[in-house]
>>> print(open('run.cif').read())   # mmCIF, C-alpha atoms
data_my_file
loop_
_atom_site.label_atom_id
_atom_site.label_comp_id
_atom_site.auth_asym_id
_atom_site.auth_seq_id
_atom_site.Cartn_x
_atom_site.Cartn_y
_atom_site.Cartn_z
CA MET A 1 23.83 12.61 14.99
CA LYS A 2 23.09 10.91 11.71
CA ASP A 3 23.14 12.66 8.36
CA GLU A 4 19.68 13.73 7.35
CA TRP A 5 18.17 13.12 3.96
CA PRO A 6 17.82 16.33 1.94
CA LEU A 7 14.55 18.23 1.89
CA PHE A 8 12.26 18.21 -1.16
CA GLU A 9 9.27 20.40 -1.97
CA VAL A 10 6.19 18.63 -3.28
CA PHE A 11 3.71 19.88 -5.88
CA VAL A 12 0.52 17.97 -6.64
CA ARG A 13 -1.98 18.45 -9.42
CA GLY A 14 -5.48 17.57 -8.27
CA LYS A 15 -7.96 15.62 -10.33
CA ARG A 16 -9.73 18.71 -11.58
CA GLY A 17 -6.85 21.11 -11.07
CA LEU A 18 -5.14 22.75 -14.01
CA ASN A 19 -1.82 23.34 -12.31
CA HIS A 20 0.48 21.82 -9.73
CA VAL A 21 0.09 23.28 -6.25
CA HIS A 22 2.66 23.29 -3.48
CA VAL A 23 1.38 20.95 -0.77
CA GLY A 24 4.37 20.56 1.56
CA SER A 25 7.82 19.11 1.91
CA LEU A 26 9.50 15.85 2.86
CA HIS A 27 12.87 14.16 3.31
CA ALA A 28 14.21 11.62 0.84
CA ALA A 29 17.57 10.23 -0.25
CA ASP A 30 17.05 11.10 -3.93
CA GLU A 31 14.49 12.27 -6.49
CA ARG A 32 13.01 8.83 -7.09
CA MET A 33 12.45 8.21 -3.39
CA ALA A 34 11.02 11.70 -3.03
CA LEU A 35 8.36 10.86 -5.63
CA THR A 36 7.48 7.65 -3.80
CA HIS A 37 7.29 9.42 -0.47
CA ALA A 38 5.19 12.19 -1.98
CA ARG A 39 2.77 9.61 -3.32
CA ASP A 40 2.48 8.06 0.13
CA LEU A 41 2.32 11.27 2.15
CA TYR A 42 0.36 13.67 -0.02
CA THR A 43 -1.93 11.63 -2.29
CA ARG A 44 -3.18 8.96 0.09
CA ARG A 45 -6.67 10.43 0.22
CA ASN A 46 -7.13 10.33 -3.50
CA GLU A 47 -6.05 13.93 -4.12
CA GLY A 48 -3.66 13.80 -7.02
CA VAL A 49 -3.07 12.75 -10.59
CA SER A 50 0.42 14.16 -10.99
CA ILE A 51 3.35 14.94 -8.69
CA TRP A 52 6.41 17.15 -9.05
CA VAL A 53 9.26 17.10 -6.56
CA VAL A 54 12.21 19.47 -6.43
CA ARG A 55 15.08 19.83 -4.01
CA SER A 56 14.36 22.71 -1.64
CA SER A 57 17.96 23.86 -2.11
CA ASP A 58 17.27 24.31 -5.83
CA ILE A 59 14.56 26.87 -5.23
CA THR A 60 15.58 30.53 -5.35
CA ALA A 61 13.21 32.62 -3.27
CA SER A 62 12.64 36.32 -2.83
CA THR A 63 13.54 37.54 0.63
CA PRO A 64 11.39 39.55 3.05
CA ASP A 65 13.96 42.40 2.78
CA GLU A 66 13.07 42.81 -0.87
CA LYS A 67 9.35 42.89 -0.20
CA ASP A 68 8.81 46.61 -0.71
CA PRO A 69 10.85 47.18 -3.86
CA PHE A 70 9.57 43.89 -5.31
CA PHE A 71 5.88 44.15 -4.64
CA GLN A 72 4.84 47.64 -3.55
CA PRO A 73 5.30 49.32 -6.96
CA SER A 74 2.50 47.24 -8.48
CA GLY A 75 0.07 48.22 -5.74
CA ASP A 76 -1.13 51.45 -7.38
CA LYS A 77 -1.01 50.49 -11.07
CA VAL A 78 -4.71 49.92 -11.45
CA TYR A 79 -4.38 50.06 -15.25
CA ARG A 80 -2.57 46.73 -15.16
CA HIS A 81 -5.76 44.97 -14.16
CA PRO A 82 -7.94 43.91 -17.08
CA THR A 83 -11.06 45.52 -15.64
CA PHE A 84 -11.83 47.98 -18.40
CA TYR A 85 -13.63 45.67 -20.78
CA ASP A 86 -16.38 43.03 -20.61
CA ILE A 87 -15.35 39.37 -20.50
CA PRO A 88 -17.45 37.20 -22.83
CA ASP A 89 -19.41 34.54 -20.92
CA ASP A 90 -18.12 31.64 -22.96
CA VAL A 91 -14.40 32.10 -22.32
CA PRO A 92 -13.22 29.60 -19.69
CA HIS A 93 -10.43 29.85 -17.12
CA ILE A 94 -10.44 33.63 -16.60
CA MET B 1 -7.76 31.24 -4.99
CA ARG B 2 -10.07 29.22 -7.19
CA GLU B 3 -11.44 26.15 -5.43
CA ASP B 4 -9.94 23.66 -7.82
CA ASP B 5 -6.56 25.27 -7.38
CA HIS B 6 -6.27 23.58 -4.04
CA VAL B 7 -5.86 19.83 -4.09
CA TYR B 8 -7.27 19.30 -0.65
CA LEU B 9 -10.48 21.21 -1.31
CA SER B 10 -11.43 18.69 -3.96
CA LEU B 11 -11.73 16.17 -1.13
CA ALA B 12 -14.79 17.84 0.27
CA GLU B 13 -17.17 16.62 -2.38
CA GLU B 14 -18.72 13.30 -3.27
CA GLN B 15 -16.90 11.34 -0.60
CA ASP B 16 -18.24 8.62 1.60
CA ASP B 17 -15.88 8.51 4.55
CA ALA B 18 -17.39 5.28 5.84
CA ARG B 19 -15.50 3.41 3.14
CA TRP B 20 -12.06 4.77 3.81
CA ALA B 21 -10.67 1.58 5.39
CA PHE B 22 -11.39 -0.46 2.25
CA GLY B 23 -8.35 1.10 0.58
CA THR B 24 -6.95 4.19 -0.99
CA GLY B 25 -9.64 4.52 -3.66
CA PHE B 26 -13.02 5.92 -2.85
CA GLU B 27 -14.95 3.74 -5.25
CA ASP B 28 -16.68 0.69 -3.85
CA PRO B 29 -14.99 -2.17 -5.76
CA LEU B 30 -18.10 -4.33 -5.35
CA HIS B 31 -20.56 -1.74 -6.63
CA GLY B 32 -23.11 -3.50 -8.85
CA VAL B 33 -21.48 -6.93 -8.47
CA ASP B 34 -23.81 -9.90 -7.97
CA THR B 35 -22.87 -11.61 -4.68
CA SER B 36 -24.68 -14.93 -5.27
CA VAL B 37 -22.39 -17.89 -5.91
CA PRO B 38 -22.41 -18.65 -9.66
CA ASP B 39 -23.34 -22.07 -11.01
CA GLY B 40 -20.45 -24.46 -11.27
CA VAL B 41 -18.51 -22.89 -8.41
CA ASP B 42 -18.00 -25.06 -5.32
CA PRO B 43 -18.85 -22.81 -2.35
CA ALA B 44 -16.48 -24.66 0.01
CA GLU B 45 -13.59 -24.32 -2.43
CA LEU B 46 -14.33 -20.63 -3.02
CA ALA B 47 -14.59 -20.01 0.73
CA ALA B 48 -11.25 -21.71 1.37
CA LEU B 49 -9.57 -19.66 -1.36
CA CYS B 50 -10.96 -16.39 0.00
CA LEU B 51 -10.09 -17.33 3.58
CA GLY B 52 -6.48 -18.15 2.72
CA LEU B 53 -5.93 -14.97 0.71
CA GLY B 54 -7.83 -12.93 3.31
CA ASP B 55 -5.76 -14.31 6.19
CA ASP B 56 -2.51 -13.65 4.28
CA ALA B 57 -3.51 -9.99 3.91
CA LEU B 58 -4.80 -9.62 7.46
CA ILE B 59 -1.66 -10.97 9.12
CA ALA B 60 0.65 -9.09 6.74
CA ALA B 61 -1.27 -5.88 7.51
CA GLN B 62 -0.86 -6.45 11.24
CA ARG B 63 2.90 -6.91 10.89
CA LEU B 64 3.19 -3.80 8.70
CA ALA B 65 1.22 -1.79 11.27
CA GLU B 66 3.82 -2.79 13.87
CA TRP B 67 6.32 -0.60 12.00
CA VAL B 68 4.36 2.50 13.00
CA THR B 69 6.48 4.49 15.50
CA ARG B 70 9.41 2.13 14.78
CA ALA B 71 10.28 2.77 11.12
CA PRO B 72 13.70 4.23 10.27
CA GLU B 73 12.13 7.41 8.84
CA LEU B 74 8.77 9.10 9.27
CA GLU B 75 8.15 8.90 5.52
CA GLU B 76 8.75 5.13 5.52
CA GLU B 77 6.42 4.71 8.45
CA VAL B 78 3.57 6.27 6.50
CA ALA B 79 4.47 4.23 3.41
CA LEU B 80 4.43 0.94 5.34
CA ALA B 81 1.19 1.85 7.10
CA ASN B 82 -0.41 2.71 3.73
CA ILE B 83 0.57 -0.67 2.34
CA GLY B 84 -0.78 -2.34 5.47
CA LEU B 85 -4.08 -0.52 5.08
CA ASP B 86 -4.34 -1.58 1.43
CA LEU B 87 -3.92 -5.17 2.57
CA LEU B 88 -6.38 -4.72 5.41
CA GLY B 89 -8.91 -3.52 2.85
CA GLN B 90 -8.30 -6.66 0.77
CA ALA B 91 -8.61 -8.80 3.91
CA ARG B 92 -11.96 -7.26 4.82
CA LEU B 93 -13.46 -7.93 1.39
CA LEU B 94 -12.05 -11.47 1.19
CA LEU B 95 -13.07 -12.49 4.73
CA THR B 96 -16.53 -11.05 4.11
CA ARG B 97 -16.77 -13.17 0.97
CA ALA B 98 -15.49 -16.28 2.79
CA GLY B 99 -18.16 -15.86 5.48
CA GLN B 100 -20.84 -15.28 2.85
CA VAL B 101 -20.21 -18.47 0.91
CA ASP B 102 -19.05 -20.98 3.56
CA GLY B 103 -22.54 -21.34 4.97
CA THR B 104 -21.70 -20.24 8.51
CA GLY B 105 -22.80 -16.64 8.07
CA ARG B 106 -19.72 -15.38 9.90
CA SER B 107 -18.84 -11.70 9.40
CA GLU B 108 -15.39 -10.32 8.61
CA ASP B 109 -15.05 -9.43 12.31
CA ASP B 110 -16.02 -12.93 13.46
CA LEU B 111 -13.35 -14.38 11.20
CA ALA B 112 -10.65 -11.87 12.08
CA TYR B 113 -11.20 -11.63 15.82
CA LEU B 114 -12.78 -14.85 17.03
CA ARG B 115 -10.58 -17.60 15.58
CA GLU B 116 -7.62 -19.32 17.23
CA SER B 117 -4.26 -19.59 15.50
CA ASP B 118 -4.95 -23.19 14.36
CA ASP B 119 -7.95 -21.90 12.39
CA PHE B 120 -5.93 -19.33 10.47
CA ARG B 121 -4.99 -20.27 6.92
CA ASN B 122 -2.27 -17.72 6.12
CA VAL B 123 1.12 -18.74 4.77
CA ARG B 124 3.80 -18.65 7.43
CA LEU B 125 5.86 -16.04 5.60
CA VAL B 126 3.52 -13.25 6.72
CA GLU B 127 3.44 -14.15 10.41
CA LEU B 128 7.20 -14.01 11.01
CA PRO B 129 8.30 -11.08 13.22
CA ASN B 130 9.37 -7.92 11.39
CA GLY B 131 13.03 -8.22 12.34
CA ASP B 132 15.42 -5.98 10.48
CA PHE B 133 13.99 -3.43 8.01
CA ALA B 134 15.87 -5.39 5.32
CA PHE B 135 14.02 -8.58 6.27
CA SER B 136 10.70 -6.76 6.15
CA VAL B 137 11.28 -5.35 2.66
CA ALA B 138 12.57 -8.73 1.41
CA ARG B 139 9.41 -10.36 2.73
CA LEU B 140 7.24 -7.63 1.22
CA LEU B 141 8.93 -8.11 -2.15
CA VAL B 142 8.31 -11.86 -2.18
CA PHE B 143 4.81 -11.59 -0.77
CA SER B 144 3.62 -8.83 -3.09
CA ALA B 145 5.26 -10.35 -6.20
CA HIS B 146 3.48 -13.64 -5.52
CA ARG B 147 0.17 -12.04 -4.56
CA LEU B 148 0.23 -9.80 -7.63
CA ALA B 149 0.71 -12.79 -9.94
CA VAL B 150 -2.14 -14.62 -8.20
CA PHE B 151 -4.47 -11.62 -8.28
CA GLU B 152 -3.77 -10.99 -11.96
CA ARG B 153 -4.95 -14.51 -12.73
CA LEU B 154 -8.00 -14.23 -10.49
CA ALA B 155 -8.97 -10.86 -11.97
CA ALA B 156 -8.66 -12.23 -15.50
CA GLY B 157 -10.41 -15.53 -15.16
CA HIS B 158 -12.02 -16.59 -11.89
CA ALA B 159 -15.64 -17.70 -12.13
CA ASP B 160 -16.75 -15.75 -9.02
CA PRO B 161 -17.49 -12.11 -9.94
CA VAL B 162 -16.87 -10.91 -6.37
CA LEU B 163 -13.43 -12.44 -6.21
CA ARG B 164 -12.69 -11.07 -9.69
CA ALA B 165 -13.64 -7.56 -8.55
CA VAL B 166 -11.60 -7.79 -5.34
CA ALA B 167 -8.60 -9.05 -7.30
CA ALA B 168 -8.92 -6.31 -9.94
CA LYS B 169 -8.82 -3.68 -7.20
CA GLY B 170 -5.89 -5.41 -5.51
CA VAL B 171 -3.76 -5.61 -8.65
CA LYS B 172 -3.21 -1.85 -8.70
CA GLU B 173 -2.34 -1.78 -5.02
CA LEU B 174 0.00 -4.76 -5.19
CA THR B 175 1.81 -3.35 -8.22
CA TYR B 176 2.80 -0.41 -6.06
CA HIS B 177 3.70 -2.61 -3.06
CA ARG B 178 6.02 -4.68 -5.22
CA GLN B 179 7.61 -1.58 -6.69
CA TYR B 180 8.12 -0.04 -3.24
CA ALA B 181 9.74 -3.22 -1.91
CA ALA B 182 11.87 -3.74 -5.02
CA GLU B 183 13.24 -0.20 -4.83
CA TRP B 184 14.33 -0.75 -1.24
CA VAL B 185 15.88 -4.14 -1.95
CA VAL B 186 17.91 -2.63 -4.79
CA ARG B 187 18.80 0.48 -2.78
CA LEU B 188 20.05 -1.53 0.21
CA GLY B 189 21.55 -4.41 -1.77
CA ASP B 190 23.47 -2.08 -4.05
CA GLY B 191 24.31 0.34 -1.22
CA THR B 192 27.05 0.20 1.41
CA ASP B 193 28.83 -2.96 2.59
CA GLU B 194 26.69 -2.93 5.72
CA SER B 195 23.37 -2.48 3.90
CA HIS B 196 24.36 -5.14 1.34
CA ARG B 197 25.18 -7.63 4.10
CA ARG B 198 21.92 -7.04 5.93
CA MET B 199 19.83 -7.12 2.74
CA GLN B 200 21.40 -10.46 1.80
CA GLU B 201 20.63 -11.78 5.30
CA GLY B 202 17.04 -10.61 4.93
CA LEU B 203 16.66 -12.39 1.61
CA ASP B 204 18.27 -15.55 3.01
CA ALA B 205 15.83 -15.54 5.94
CA VAL B 206 12.83 -15.20 3.62
CA ALA B 207 13.92 -17.94 1.19
CA PRO B 208 12.77 -21.04 3.13
CA TYR B 209 9.19 -19.70 3.16
CA ILE B 210 8.86 -19.13 -0.59
CA GLU B 211 8.00 -22.73 -1.52
CA GLU B 212 4.91 -22.57 0.68
CA LEU B 213 3.62 -19.67 -1.42
CA TYR B 214 4.01 -21.76 -4.56
CA ARG B 215 2.17 -24.62 -2.90
CA ALA B 216 -0.75 -22.26 -2.28
CA ALA B 217 -0.65 -20.99 -5.87
CA ASP B 218 2.01 -22.12 -8.29
CA VAL B 219 3.08 -19.01 -10.16
CA ARG B 220 6.77 -19.75 -9.72
CA ASP B 221 7.93 -18.93 -13.24
CA GLU B 222 6.54 -15.43 -13.10
CA VAL B 223 7.57 -14.71 -9.50
CA GLY B 224 10.96 -16.36 -9.95
CA ALA B 225 11.70 -14.09 -12.91
CA VAL B 226 10.76 -10.99 -10.91
CA LEU B 227 12.88 -12.01 -7.92
CA ALA B 228 15.85 -12.86 -10.13
CA GLN B 229 15.63 -9.49 -11.87
CA VAL B 230 15.49 -7.57 -8.58
CA ALA B 231 18.27 -9.64 -7.01
CA ASP B 232 20.45 -9.03 -10.04
CA ALA B 233 19.92 -5.25 -9.93
CA ALA B 234 20.58 -5.34 -6.18
CA THR B 235 23.82 -7.38 -6.59
CA LEU B 236 22.30 -10.00 -4.27
CA LYS B 237 22.29 -13.79 -4.48
CA LEU B 238 18.89 -15.42 -4.65
CA PRO B 239 19.18 -18.38 -2.27
CA ALA B 240 18.26 -21.85 -3.51
CA ALA B 241 14.70 -22.89 -2.80
CA GLU B 242 14.18 -25.10 0.22
CA SER B 243 10.98 -26.48 1.58
CA LEU B 244 9.72 -26.49 5.15
CA GLU B 245 7.61 -29.13 6.86
CA GLY B 246 3.94 -28.26 7.26
CA ASP B 247 1.62 -25.88 5.50
CA GLY B 248 0.07 -22.63 6.69
CA ARG B 249 -2.95 -23.21 4.44
CA ALA B 250 -3.64 -26.37 6.45
CA GLY B 251 -3.38 -24.54 9.79
CA ASP B 252 0.28 -25.21 10.56
CA HIS B 253 1.91 -22.11 12.01
CA THR B 254 5.04 -20.91 13.74
CA PRO B 255 4.89 -19.92 17.42
CA CYS B 256 4.99 -16.30 16.22
CA LEU B 257 1.33 -16.25 15.16
CA ALA B 258 -0.38 -16.72 18.54
CA PRO B 259 1.15 -13.61 20.19
CA LEU B 260 0.29 -11.55 17.08
CA LEU B 261 -3.34 -12.71 17.29
CA PHE B 262 -3.46 -12.06 21.02
CA GLU B 263 -2.57 -8.43 20.43
CA MET B 264 -4.82 -8.05 17.37
CA GLN B 265 -7.85 -9.69 18.99
CA GLU B 266 -7.45 -8.39 22.55
CA VAL B 267 -9.97 -5.54 22.39
CA ALA B 268 -12.56 -7.45 20.35
CA ARG B 269 -12.43 -10.34 22.80
CA ALA B 270 -12.55 -8.13 25.90
CA LEU B 271 -15.59 -6.23 24.58
CA PRO B 272 -17.59 -8.74 22.49
CA GLY B 273 -19.78 -6.96 19.95
CA GLY B 274 -18.45 -3.58 21.06
CA GLN B 275 -18.96 -0.66 18.69
CA TRP B 276 -17.37 2.78 18.62
#
>>> encode(input="run.cif", output="structure tokens")
Amino acid sequence: MKDEWPLFEVFVRGKRGLNHVHVGSLHAADERMALTHARDLYTRRNEGVSIWVVRSSDITASTPDEKDPFFQPSGDKVYRHPTFYDIPDDVPHI
Amino acid sequence: MREDDHVYLSLAEEQDDARWAFGTGFEDPLHGVDTSVPDGVDPAELAALCLGLGDDALIAAQRLAEWVTRAPELEEEVALANIGLDLLGQARLLLTRAGQVDGTGRSEDDLAYLRESDDFRNVRLVELPNGDFAFSVARLLVFSAHRLAVFERLAAGHADPVLRAVAAKGVKELTYHRQYAAEWVVRLGDGTDESHRRMQEGLDAVAPYIEELYRAADVRDEVGAVLAQVADAATLKLPAAESLEGDGRAGDHTPCLAPLLFEMQEVARALPGGQW
């Protein structure tokens, strides 16, 4: 079996989007080719204005085993939500 | 999640799907452009120019589409198909224009599907079989470098506003096609011994067909500089220019064109006027 190209994760910022969003993954020989492939695979219907690619192996992820200690403790801290004051109408992006 | 957080949700608005095959942009490149032939432009000359450039794109698109299910990687398959669809979009606009101004009233479909190989005006470079991937990217490099130089001139200064608009749209597409092809030529040329050998063979096989491009539109200084730069980065030798007998623009073609047309035109000829 042939050697496979490494996997890359692709993030695209949409025309009106403020941030890059993970849209999928692809195989490529290097970073430059990954950008080209991402352009061809994930922006062909006019979705994007900016692309990030990163090797999947360079991403450190939390594991399902850690789910409870990582995320449960914030479930009952209602005071961490900014719900105790009025948001002015003219403040964008909240 | 906010709606504009998701790139694909932004697709749902203000789109006209009927135009998708004209290219990767959703704007109509001919929006607001006057389609009457301007004074001082010879309609027959304009029609011939549009037909030649339209046929180049149509046949190149058909060859690129043949890579689908056969490309070395899934990602390359999509890339080659995208480039083919860009060219198909250019072909549709150019053949439509050719039919508009040549006085026959033929539609893009009439021109694409109901002509014999002798009536096609494409350069022979585009009709050659795909061969090795290296040959295909060498051909794409030469073709897109030449077409880009031609389109840049048309977009800047042609008297016909329709052709100017089509060329302006094509320039952005062709810039990417040339970049895609150049990256592969450099990657393979400057790669392993095996990839270098096959890339050089691909370039050698393309070389005899380059002069015909210059005969159609002499932009050799510009294209020659691009090819020399890419060949140098790829550690490849640019073969000396030769010239073949005959001329695709005059209807001379290799035996490779007729089978391509047979496949491309088969359904349209079996079901004349069919719609689906």
>>> closest_residue(input="run.cif", among="B:Tyr214, B:Phe120, B:Phe133, B:Tyr113", to="Glu77 in chain B", atoms="only C-alpha atoms")
B:Phe133
>>> interface_residues(input="run.cif", of="chain A", to="chain B", cutoff="8 Å", atoms="only C-alpha atoms", output="PDB file with C-alpha atoms, keeping the file's coordinate frame")
ATOM      1  CA  VAL A  12       0.520  17.970  -6.640  1.00  0.00           C
ATOM      2  CA  ARG A  13      -1.980  18.450  -9.420  1.00  0.00           C
ATOM      3  CA  GLY A  14      -5.480  17.570  -8.270  1.00  0.00           C
ATOM      4  CA  LYS A  15      -7.960  15.620 -10.330  1.00  0.00           C
ATOM      5  CA  ARG A  16      -9.730  18.710 -11.580  1.00  0.00           C
ATOM      6  CA  GLY A  17      -6.850  21.110 -11.070  1.00  0.00           C
ATOM      7  CA  LEU A  18      -5.140  22.750 -14.010  1.00  0.00           C
ATOM      8  CA  ASN A  19      -1.820  23.340 -12.310  1.00  0.00           C
ATOM      9  CA  VAL A  21       0.090  23.280  -6.250  1.00  0.00           C
ATOM     10  CA  LEU A  26       9.500  15.850   2.860  1.00  0.00           C
ATOM     11  CA  HIS A  27      12.870  14.160   3.310  1.00  0.00           C
ATOM     12  CA  THR A  36       7.480   7.650  -3.800  1.00  0.00           C
ATOM     13  CA  HIS A  37       7.290   9.420  -0.470  1.00  0.00           C
ATOM     14  CA  ASP A  40       2.480   8.060   0.130  1.00  0.00           C
ATOM     15  CA  LEU A  41       2.320  11.270   2.150  1.00  0.00           C
ATOM     16  CA  ARG A  44      -3.180   8.960   0.090  1.00  0.00           C
ATOM     17  CA  ARG A  45      -6.670  10.430   0.220  1.00  0.00           C
ATOM     18  CA  ASN A  46      -7.130  10.330  -3.500  1.00  0.00           C
ATOM     19  CA  GLU A  47      -6.050  13.930  -4.120  1.00  0.00           C
ATOM     20  CA  GLY A  48      -3.660  13.800  -7.020  1.00  0.00           C
TER      21      GLY A  48
END
>>> resolve_selection(input="run.cif", expression="the PyMOL selection byres ((chain B and resi 235-239) around 7)", output="PyMOL selection string")
chain B and resi 189-190+200+204+207+228+231-234+240-241
>>> atom_distance(input="run.cif", atom1="CA of Arg178 in chain B", atom2="CA of Trp67 in chain B")
17.7 Å
>>> atom_distance(input="run.cif", atom1="CA of Ala134 in chain B", atom2="CA of Pro259 in chain B")
22.5 Å
>>> resolve_selection(input="run.cif", expression="the PyMOL selection byres ((chain B and resi 52) around 9)", output="list in words")
Ala47, Ala48, Leu49, Cys50, Leu51, Leu53, Gly54, Asp55, Asp56, Ala57, Leu94, Leu95, Phe120, Arg121, Asn122, Val123, Ala216, Gly248 and Arg249 of chain B
>>> atom_distance(input="run.cif", atom1="CA of Ser195 in chain B", atom2="CA of Val230 in chain B")
15.6 Å
>>> resolve_selection(input="run.cif", expression="the PyMOL selection byres ((chain A and resi 22-24) around 6)", output="count of residues only")
4
>>> residues_around(input="run.cif", residues="His177 in chain B", least_positions_apart="4", cutoff="12 Å", atoms="only C-alpha atoms", output="PyMOL selection string")
(chain A and resi 36+40) or (chain B and resi 64+79-87+137-148+170-173+181-184)
>>> closest_atom_pairs(input="run.cif", of="range 97-166 of chain B", to="range 263-268 of chain B", cutoff="10 Å", atoms="only C-alpha atoms", output="Markdown table")
| residue | atom | partner | partner_atom | distance |
| --- | --- | --- | --- | --- |
| B:Asp109 | CA | B:Ala268 | CA | 8.6 |
| B:Asp110 | CA | B:Ala268 | CA | 9.5 |
| B:Ala112 | CA | B:Gln265 | CA | 7.8 |
| B:Tyr113 | CA | B:Gln265 | CA | 5.0 |
| B:Leu114 | CA | B:Gln265 | CA | 7.4 |
| B:Arg115 | CA | B:Gln265 | CA | 9.0 |
| B:Glu116 | CA | B:Gln265 | CA | 9.8 |
>>> closest_residue(input="run.cif", among="B:Thr254, B:Ser243, B:Ser36, B:Thr96", to="Val166 in chain B", atoms="only C-alpha atoms")
B:Thr96
>>> closest_residue(input="run.cif", among="B:Ala149, B:Ile59, B:Ala91, B:Leu203", to="Asp221 in chain B", atoms="only C-alpha atoms")
B:Ala149
>>> closest_residue(input="run.cif", among="B:Pro72, B:Arg63, B:Gly274, B:Asp247", to="Pro129 in chain B", atoms="only C-alpha atoms")
B:Arg63
>>> residues_near_point(input="run.cif", point="(-15.0, -8.7, -7.8)", cutoff="12 Å", atoms="all atoms listed in the file", output="PDB file with C-alpha atoms, keeping the file's coordinate frame")
ATOM      1  CA  ASP B  28     -16.680   0.690  -3.850  1.00  0.00           C
ATOM      2  CA  PRO B  29     -14.990  -2.170  -5.760  1.00  0.00           C
ATOM      3  CA  LEU B  30     -18.100  -4.330  -5.350  1.00  0.00           C
ATOM      4  CA  HIS B  31     -20.560  -1.740  -6.630  1.00  0.00           C
ATOM      5  CA  GLY B  32     -23.110  -3.500  -8.850  1.00  0.00           C
ATOM      6  CA  VAL B  33     -21.480  -6.930  -8.470  1.00  0.00           C
ATOM      7  CA  ASP B  34     -23.810  -9.900  -7.970  1.00  0.00           C
ATOM      8  CA  THR B  35     -22.870 -11.610  -4.680  1.00  0.00           C
ATOM      9  CA  SER B  36     -24.680 -14.930  -5.270  1.00  0.00           C
ATOM     10  CA  VAL B  37     -22.390 -17.890  -5.910  1.00  0.00           C
ATOM     11  CA  CYS B  50     -10.960 -16.390   0.000  1.00  0.00           C
ATOM     12  CA  GLN B  90      -8.300  -6.660   0.770  1.00  0.00           C
ATOM     13  CA  LEU B  93     -13.460  -7.930   1.390  1.00  0.00           C
ATOM     14  CA  LEU B  94     -12.050 -11.470   1.190  1.00  0.00           C
ATOM     15  CA  ARG B  97     -16.770 -13.170   0.970  1.00  0.00           C
ATOM     16  CA  PHE B 151      -4.470 -11.620  -8.280  1.00  0.00           C
ATOM     17  CA  LEU B 154      -8.000 -14.230 -10.490  1.00  0.00           C
ATOM     18  CA  ALA B 155      -8.970 -10.860 -11.970  1.00  0.00           C
ATOM     19  CA  ALA B 156      -8.660 -12.230 -15.500  1.00  0.00           C
ATOM     20  CA  GLY B 157     -10.410 -15.530 -15.160  1.00  0.00           C
ATOM     21  CA  HIS B 158     -12.020 -16.590 -11.890  1.00  0.00           C
ATOM     22  CA  ALA B 159     -15.640 -17.700 -12.130  1.00  0.00           C
ATOM     23  CA  ASP B 160     -16.750 -15.750  -9.020  1.00  0.00           C
ATOM     24  CA  PRO B 161     -17.490 -12.110  -9.940  1.00  0.00           C
ATOM     25  CA  VAL B 162     -16.870 -10.910  -6.370  1.00  0.00           C
ATOM     26  CA  LEU B 163     -13.430 -12.440  -6.210  1.00  0.00           C
ATOM     27  CA  ARG B 164     -12.690 -11.070  -9.690  1.00  0.00           C
ATOM     28  CA  ALA B 165     -13.640  -7.560  -8.550  1.00  0.00           C
ATOM     29  CA  VAL B 166     -11.600  -7.790  -5.340  1.00  0.00           C
ATOM     30  CA  ALA B 167      -8.600  -9.050  -7.300  1.00  0.00           C
ATOM     31  CA  ALA B 168      -8.920  -6.310  -9.940  1.00  0.00           C
ATOM     32  CA  LYS B 169      -8.820  -3.680  -7.200  1.00  0.00           C
ATOM     33  CA  GLY B 170      -5.890  -5.410  -5.510  1.00  0.00           C
ATOM     34  CA  VAL B 171      -3.760  -5.610  -8.650  1.00  0.00           C
TER      35      VAL B 171
END
>>> build_atoms(input="run.cif", residues="range 56-64 of chain A", atoms="N, CA and C atoms", output="PDB file, in the coordinates of the input")
ATOM      1  N   SER A  56      14.608  21.381  -2.214  1.00  0.00           N
ATOM      2  CA  SER A  56      14.360  22.710  -1.640  1.00  0.00           C
ATOM      3  C   SER A  56      15.550  23.628  -1.899  1.00  0.00           C
ATOM      4  N   SER A  57      16.756  23.043  -1.907  1.00  0.00           N
ATOM      5  CA  SER A  57      17.960  23.860  -2.110  1.00  0.00           C
ATOM      6  C   SER A  57      18.054  24.401  -3.528  1.00  0.00           C
ATOM      7  N   ASP A  58      17.257  23.841  -4.452  1.00  0.00           N
ATOM      8  CA  ASP A  58      17.270  24.310  -5.830  1.00  0.00           C
ATOM      9  C   ASP A  58      16.267  25.433  -6.093  1.00  0.00           C
ATOM     10  N   ILE A  59      15.535  25.790  -5.063  1.00  0.00           N
ATOM     11  CA  ILE A  59      14.560  26.870  -5.230  1.00  0.00           C
ATOM     12  C   ILE A  59      15.210  28.194  -4.816  1.00  0.00           C
ATOM     13  N   THR A  60      15.129  29.186  -5.690  1.00  0.00           N
ATOM     14  CA  THR A  60      15.580  30.530  -5.350  1.00  0.00           C
ATOM     15  C   THR A  60      14.364  31.346  -4.971  1.00  0.00           C
ATOM     16  N   ALA A  61      14.386  31.921  -3.768  1.00  0.00           N
ATOM     17  CA  ALA A  61      13.210  32.620  -3.270  1.00  0.00           C
ATOM     18  C   ALA A  61      13.510  34.092  -3.053  1.00  0.00           C
ATOM     19  N   SER A  62      12.493  34.912  -3.188  1.00  0.00           N
ATOM     20  CA  SER A  62      12.640  36.320  -2.830  1.00  0.00           C
ATOM     21  C   SER A  62      12.725  36.413  -1.302  1.00  0.00           C
ATOM     22  N   THR A  63      13.387  37.418  -0.813  1.00  0.00           N
ATOM     23  CA  THR A  63      13.540  37.540   0.630  1.00  0.00           C
ATOM     24  C   THR A  63      12.605  38.623   1.173  1.00  0.00           C
ATOM     25  N   PRO A  64      12.260  38.521   2.453  1.00  0.00           N
ATOM     26  CA  PRO A  64      11.390  39.550   3.050  1.00  0.00           C
ATOM     27  C   PRO A  64      11.981  40.959   2.914  1.00  0.00           C
TER      28      PRO A  64
END
